[in-house]
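Participant: I'd like to ask you about the structure that follows.
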Amino acid sequence: MAAVSKFLLLQLPQEDILGTIRLMDIYQKISFSLISKRCKGLIQSLQIKAKFSSVSINNDIRMFVTLPEFTLHIYFANSTMRNDGQKKILRAPLYVSFDFSHHLKRIGFKYNDWLEHFQTIFHCPSIANIQFYYGSSEYDLDEIREVFGATKKLYARDTGCYANNLMIFQKFSLIENLNIRPDMFQDSRIPFNILQQNYATLDIICDFNNTKEMTLDQLLVINSKIITMENIRISPQDLSTFIKLWMKGSNPRLENLNLFRTDSFSYDSATVMKGIKRKEIKQGKQMEVYRRDGTCATILFGAPGVQMFVWFD
């Protein structure tokens with residue numbers, strides 16, 4: 001649709017305009033919304049509501065807007081300069097592309113302008129999660145935080161610099177949900193000050209062919225409510241000790257512990273539960289243990305691993 005026809009469209013009655021733009025595809029709607037404030041308001045009035053949006057940062061920056069029927073992939077063609085510390089400073093993107101096929105330009109539109117525009121027309125006022133990957137260490141974290149703001153969930157991977165990896169947790173400290181990999185830290189040891197944070201959920205992920213160890217001391221300092229570990233090595237003896245110490249009052253915020261393995265390893269329930277007073281629900285598969293304050297936990301042993309559910313009612 002040529003630009004002149006778009007402006008002619010605006011001369012029609014309101015209902016005719018809305019009827020026409022409803023027939024546009026999503027890319028035409030976005031293009032139309034950039035013509036003027038009125039056009040932006042018209043698209044906003046269609047109530048195209050995103051479920052959530054997220055930002056992914058590696059060598060470049062991408063935004064994902066999850067709509068009811070599909071996810072819109074937005075790529076920002078970088079236009080950057082270096083600051084005194086040789087970090088990339090975000091300038092107005094050269095252009096924005098959607099699903100690597102539809103390109104749009106808006107002279108003078110900076111990253112935060114594009115972000116505000118998408119959040120407005122898709123009724124999505126905040127970023128659900130920010131993801132840091134290899135290559136993102138080139139960016140200034142203060143500027144990333146300033147542009148994209150606070151987020152409740154953080155995905156953190158090795159950015160290419162251990163110091164930068166740690167700095168992420170200082171710059172994005174007010175998060176509720178954290179997803180990390182041990183290999184982003186020196187010697188694959190997750191620092192205690194990260195494990196001690198009061199996250200709602202903590203996911204620690206490894207590949208099946210690159211498992212990492214977690215010590216009993218690390219496990220005991222975790223303050224998260226829901227803990228999920230995939231391909232993390234915790235010895236049966238340490239798991240047994242952890243359960244015994246939980247029964248005595250450790251990890252008081254714990255609601256759910258999930259230990260999954262996708263390799264050939266599996267926990268033997270008899271070894272883990274040796275010396276632990278319990279109520280067998282299903283022999284060797286499901287049992288209940290009680291903390292000294294009366295709180296009950298159900299422990300499940302199965303093919304993917306071990307799960308522990310704490311019942312506070």
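Ligands are numbered from 1 in the order shown, chains are lettered A, B, ... in the order of the structure tokens, and residues start at 1 in each chain.
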Name the residues in contact with A:Lys244 at a cut-off of 12 Å, using only C-alpha atoms, excluding same-chain residues fewer than 6 positions from it; report them as a list in words.
Facilitator: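 The residues that qualify are Leu216, Leu220, Gln237, Asp238, Ser250, Asn251, Val272, Met273, Lys274, Gly275, Ile276, Lys277, Arg278, Val289, Tyr290, Arg291, Arg292 and Ala297 of chain A.
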Participant: Which of stretch 78-287 of chain A counts as strand (DSSP E or B) under DSSP, as an NGL selection string please?
Facilitator: :A and (80-82 or 88-90 or 95-98 or 102-104 or 127-132 or 139 or 151-156 or 177-180 or 201-205 or 212-213 or 226-230 or 232-233 or 256-260 or 279-282 or 286-287)
Participant: My list of candidates is A:Gln186, A:Asn179, A:Ser126, A:Gln47. Which is closest to A:Leu166 when distances are computed with only C-alpha atoms?
Facilitator: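 Residue with the minimum atom-to-atom distance to A:Leu166: A:Gln186.
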Participant: Atom CA of A:Glu213 and atom CA of A:Asp268, how far apart in Å?
Facilitator: 18.2 Å
Participant: What's the 10 Å shell around A:Phe265, counting only C-alpha atoms, without same-chain residues fewer than 3 positions away, as a PyMOL selection string?
Facilitator: chain A and resi 231+233+260-262+268+303-305
Participant: Tell me, as a compact mmCIF listing (two decimals) with N, CA and C atoms, in the first residue's frame, which residues lie within 8 Å of A:Ser33, counting only C-alpha atoms; anything in the same chain fewer than 5 positions away does not count.
Facilitator:
```txt
# COMPACT_ATOMS: atom_id res chain seq x y z
N CYS A 39 -2.65 7.57 13.44
CA CYS A 39 -2.55 6.20 12.92
C CYS A 39 -2.15 5.23 14.03
N LYS A 40 -1.22 5.67 14.85
CA LYS A 40 -0.81 4.86 15.99
C LYS A 40 -1.99 4.57 16.90
N GLY A 41 -2.80 5.60 17.15
CA GLY A 41 -3.97 5.43 17.99
C GLY A 41 -5.01 4.51 17.38
N LEU A 42 -5.15 4.57 16.06
CA LEU A 42 -6.11 3.69 15.38
C LEU A 42 -5.71 2.23 15.51
N ILE A 43 -4.41 1.95 15.31
CA ILE A 43 -3.94 0.58 15.47
C ILE A 43 -4.08 0.13 16.93
N ILE A 121 1.19 -0.14 20.80
CA ILE A 121 0.23 -0.70 19.84
C ILE A 121 -0.12 -2.15 20.17
```
Participant: So, with only C-alpha atoms as the atoms that count, which of A:Ser36, A:Ser235, A:Gln44, A:Ser173 lies closest to A:Leu259?
Facilitator: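 Once distances to A:Leu259 are computed over only C-alpha atoms, the minimum belongs to A:Ser235.
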Participant: Quick one: pull the distance between atom CA of A:His123 and atom CA of A:Phe109, Å, one decimal.
Facilitator: 19.5 Å
Participant: Just the residues within 8 Å of stretch 93-104 of chain A, please, counting only C-alpha atoms, with nothing from its chain fewer than 6 positions along; format it as a PyMOL selection string.
Facilitator: chain A and resi 27+31+72-79+110-111
Participant: In Å, how far is it from atom CA of A:Phe122 to atom CA of A:Ser53?
Facilitator: 9.4 Å
Participant: What's around A:Cys161 at 10 Å? Count only C-alpha atoms, leave out sequence neighbours fewer than 4 positions away in its own chain, and write the answer as a PyMOL selection string.
Facilitator: chain A and resi 134-138+165-167+184-186
Participant: Only C-alpha atoms, please: the residues just picked out, written as a compact mmCIF listing (two decimals), in the first residue's frame.
Facilitator:
```txt
# COMPACT_ATOMS: atom_id res chain seq x y z
CA TYR A 134 27.59 -14.59 23.86
CA GLY A 135 28.63 -11.27 22.34
CA SER A 136 26.45 -9.09 24.57
CA SER A 137 29.51 -8.07 26.62
CA GLU A 138 30.18 -5.51 23.87
CA ASN A 165 28.64 -11.92 33.39
CA LEU A 166 28.79 -10.94 37.07
CA MET A 167 27.98 -7.32 36.29
CA MET A 184 29.11 -18.52 32.73
CA PHE A 185 31.05 -18.35 36.01
CA GLN A 186 34.72 -18.94 36.76
```
Participant: Which polymer residues have any atom within 12 Å of an atom of A:Ile168, counting only C-alpha atoms, with same-chain residues fewer than 6 positions away left out, as an MDAnalysis selection string?
Facilitator: chainID A and resid 130:133 136:137 139:142 144:145 154:159 161:162 174:175 178 180 184:185 194
Participant: Compare A:Cys206, A:Asn59, A:Thr66, A:Lys49 by their minimum atom-to-atom distance to A:Gly160, counting only C-alpha atoms, and give me the closest one.
Facilitator: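 Looking only at the distances to A:Gly160, the closest residue turns out to be A:Asn59.
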Participant: Going by DSSP on the backbone, which bits of stretch 8-73 of chain A are helix (DSSP H, G or I)? Write them as a ChimeraX atom specification, please.
Facilitator: /A:8-9,14-22,26-33,37-45
Participant: Suppose we keep N, CA and C atoms; can you now write the selection as a PDB file, in the first residue's frame?
Facilitator:
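Printed below is result24.pdb as written:
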```pdb
ATOM      1  N   LEU A   8      -4.967   9.045   2.045  1.00  0.00           N
ATOM      2  CA  LEU A   8      -6.332   9.134   1.536  1.00  0.00           C
ATOM      3  C   LEU A   8      -7.279   8.328   2.422  1.00  0.00           C
ATOM      4  N   LEU A   9      -6.799   7.236   2.926  1.00  0.00           N
ATOM      5  CA  LEU A   9      -7.601   6.397   3.811  1.00  0.00           C
ATOM      6  C   LEU A   9      -8.060   7.183   5.028  1.00  0.00           C
ATOM      7  N   GLN A  14     -14.523   7.225  10.271  1.00  0.00           N
ATOM      8  CA  GLN A  14     -13.766   6.412  11.229  1.00  0.00           C
ATOM      9  C   GLN A  14     -14.035   4.925  11.087  1.00  0.00           C
ATOM     10  N   GLU A  15     -15.294   4.548  10.950  1.00  0.00           N
ATOM     11  CA  GLU A  15     -15.634   3.129  10.865  1.00  0.00           C
ATOM     12  C   GLU A  15     -15.065   2.491   9.607  1.00  0.00           C
ATOM     13  N   ASP A  16     -15.036   3.247   8.526  1.00  0.00           N
ATOM     14  CA  ASP A  16     -14.467   2.725   7.277  1.00  0.00           C
ATOM     15  C   ASP A  16     -12.948   2.549   7.417  1.00  0.00           C
ATOM     16  N   ILE A  17     -12.311   3.496   8.104  1.00  0.00           N
ATOM     17  CA  ILE A  17     -10.876   3.379   8.334  1.00  0.00           C
ATOM     18  C   ILE A  17     -10.580   2.120   9.145  1.00  0.00           C
ATOM     19  N   LEU A  18     -11.326   1.937  10.239  1.00  0.00           N
ATOM     20  CA  LEU A  18     -11.097   0.778  11.104  1.00  0.00           C
ATOM     21  C   LEU A  18     -11.374  -0.520  10.361  1.00  0.00           C
ATOM     22  N   GLY A  19     -12.426  -0.523   9.537  1.00  0.00           N
ATOM     23  CA  GLY A  19     -12.737  -1.727   8.760  1.00  0.00           C
ATOM     24  C   GLY A  19     -11.628  -2.083   7.803  1.00  0.00           C
ATOM     25  N   THR A  20     -10.991  -1.080   7.237  1.00  0.00           N
ATOM     26  CA  THR A  20      -9.899  -1.314   6.286  1.00  0.00           C
ATOM     27  C   THR A  20      -8.639  -1.815   6.982  1.00  0.00           C
ATOM     28  N   ILE A  21      -8.258  -1.150   8.076  1.00  0.00           N
ATOM     29  CA  ILE A  21      -7.000  -1.542   8.724  1.00  0.00           C
ATOM     30  C   ILE A  21      -7.128  -2.906   9.415  1.00  0.00           C
ATOM     31  N   ARG A  22      -8.343  -3.320   9.749  1.00  0.00           N
ATOM     32  CA  ARG A  22      -8.515  -4.663  10.314  1.00  0.00           C
ATOM     33  C   ARG A  22      -8.141  -5.738   9.299  1.00  0.00           C
ATOM     34  N   ILE A  26      -0.200  -8.013   9.763  1.00  0.00           N
ATOM     35  CA  ILE A  26       0.437  -7.395  10.923  1.00  0.00           C
ATOM     36  C   ILE A  26       1.530  -6.411  10.505  1.00  0.00           C
ATOM     37  N   TYR A  27       2.230  -6.700   9.420  1.00  0.00           N
ATOM     38  CA  TYR A  27       3.304  -5.818   8.974  1.00  0.00           C
ATOM     39  C   TYR A  27       2.737  -4.504   8.425  1.00  0.00           C
ATOM     40  N   GLN A  28       1.625  -4.600   7.708  1.00  0.00           N
ATOM     41  CA  GLN A  28       0.967  -3.395   7.206  1.00  0.00           C
ATOM     42  C   GLN A  28       0.415  -2.562   8.359  1.00  0.00           C
ATOM     43  N   LYS A  29      -0.088  -3.236   9.375  1.00  0.00           N
ATOM     44  CA  LYS A  29      -0.601  -2.507  10.545  1.00  0.00           C
ATOM     45  C   LYS A  29       0.514  -1.726  11.231  1.00  0.00           C
ATOM     46  N   ILE A  30       1.684  -2.378  11.392  1.00  0.00           N
ATOM     47  CA  ILE A  30       2.805  -1.698  12.034  1.00  0.00           C
ATOM     48  C   ILE A  30       3.256  -0.510  11.182  1.00  0.00           C
ATOM     49  N   SER A  31       3.361  -0.711   9.886  1.00  0.00           N
ATOM     50  CA  SER A  31       3.755   0.361   8.989  1.00  0.00           C
ATOM     51  C   SER A  31       2.766   1.518   9.059  1.00  0.00           C
ATOM     52  N   PHE A  32       1.487   1.197   9.064  1.00  0.00           N
ATOM     53  CA  PHE A  32       0.441   2.215   9.151  1.00  0.00           C
ATOM     54  C   PHE A  32       0.550   2.996  10.461  1.00  0.00           C
ATOM     55  N   SER A  33       0.879   2.299  11.549  1.00  0.00           N
ATOM     56  CA  SER A  33       0.938   2.942  12.858  1.00  0.00           C
ATOM     57  C   SER A  33       2.045   3.977  12.956  1.00  0.00           C
ATOM     58  N   LYS A  37       0.548  10.113  14.831  1.00  0.00           N
ATOM     59  CA  LYS A  37      -0.002   9.765  16.137  1.00  0.00           C
ATOM     60  C   LYS A  37      -1.427   9.229  16.000  1.00  0.00           C
ATOM     61  N   ARG A  38      -2.179   9.794  15.068  1.00  0.00           N
ATOM     62  CA  ARG A  38      -3.546   9.313  14.855  1.00  0.00           C
ATOM     63  C   ARG A  38      -3.539   7.872  14.371  1.00  0.00           C
ATOM     64  N   CYS A  39      -2.648   7.568  13.438  1.00  0.00           N
ATOM     65  CA  CYS A  39      -2.555   6.203  12.924  1.00  0.00           C
ATOM     66  C   CYS A  39      -2.147   5.229  14.029  1.00  0.00           C
ATOM     67  N   LYS A  40      -1.223   5.671  14.849  1.00  0.00           N
ATOM     68  CA  LYS A  40      -0.806   4.859  15.986  1.00  0.00           C
ATOM     69  C   LYS A  40      -1.993   4.573  16.901  1.00  0.00           C
ATOM     70  N   GLY A  41      -2.797   5.604  17.148  1.00  0.00           N
ATOM     71  CA  GLY A  41      -3.969   5.431  17.992  1.00  0.00           C
ATOM     72  C   GLY A  41      -5.007   4.511  17.378  1.00  0.00           C
ATOM     73  N   LEU A  42      -5.152   4.569  16.059  1.00  0.00           N
ATOM     74  CA  LEU A  42      -6.107   3.694  15.381  1.00  0.00           C
ATOM     75  C   LEU A  42      -5.706   2.228  15.511  1.00  0.00           C
ATOM     76  N   ILE A  43      -4.410   1.951  15.314  1.00  0.00           N
ATOM     77  CA  ILE A  43      -3.941   0.575  15.468  1.00  0.00           C
ATOM     78  C   ILE A  43      -4.083   0.133  16.926  1.00  0.00           C
ATOM     79  N   GLN A  44      -3.784   1.031  17.832  1.00  0.00           N
ATOM     80  CA  GLN A  44      -3.941   0.709  19.249  1.00  0.00           C
ATOM     81  C   GLN A  44      -5.384   0.362  19.578  1.00  0.00           C
ATOM     82  N   SER A  45      -6.322   1.024  18.930  1.00  0.00           N
ATOM     83  CA  SER A  45      -7.741   0.790  19.197  1.00  0.00           C
ATOM     84  C   SER A  45      -8.221  -0.582  18.734  1.00  0.00           C
TER      85      SER A  45
END
```
Participant: Taking only C-alpha atoms into account, which of A:Asn129, A:Gln218, A:Gly249, A:Ile232 comes nearest A:Asp263?
Facilitator: A:Ile232
Participant: In terms of the shortest atom-to-atom distance over only C-alpha atoms, which of A:Lys171, A:Arg253, A:Lys153, A:Arg189 is closest to A:Asp203?
Facilitator: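 Checking each candidate against A:Asp203, we get A:Lys153 as the closest.
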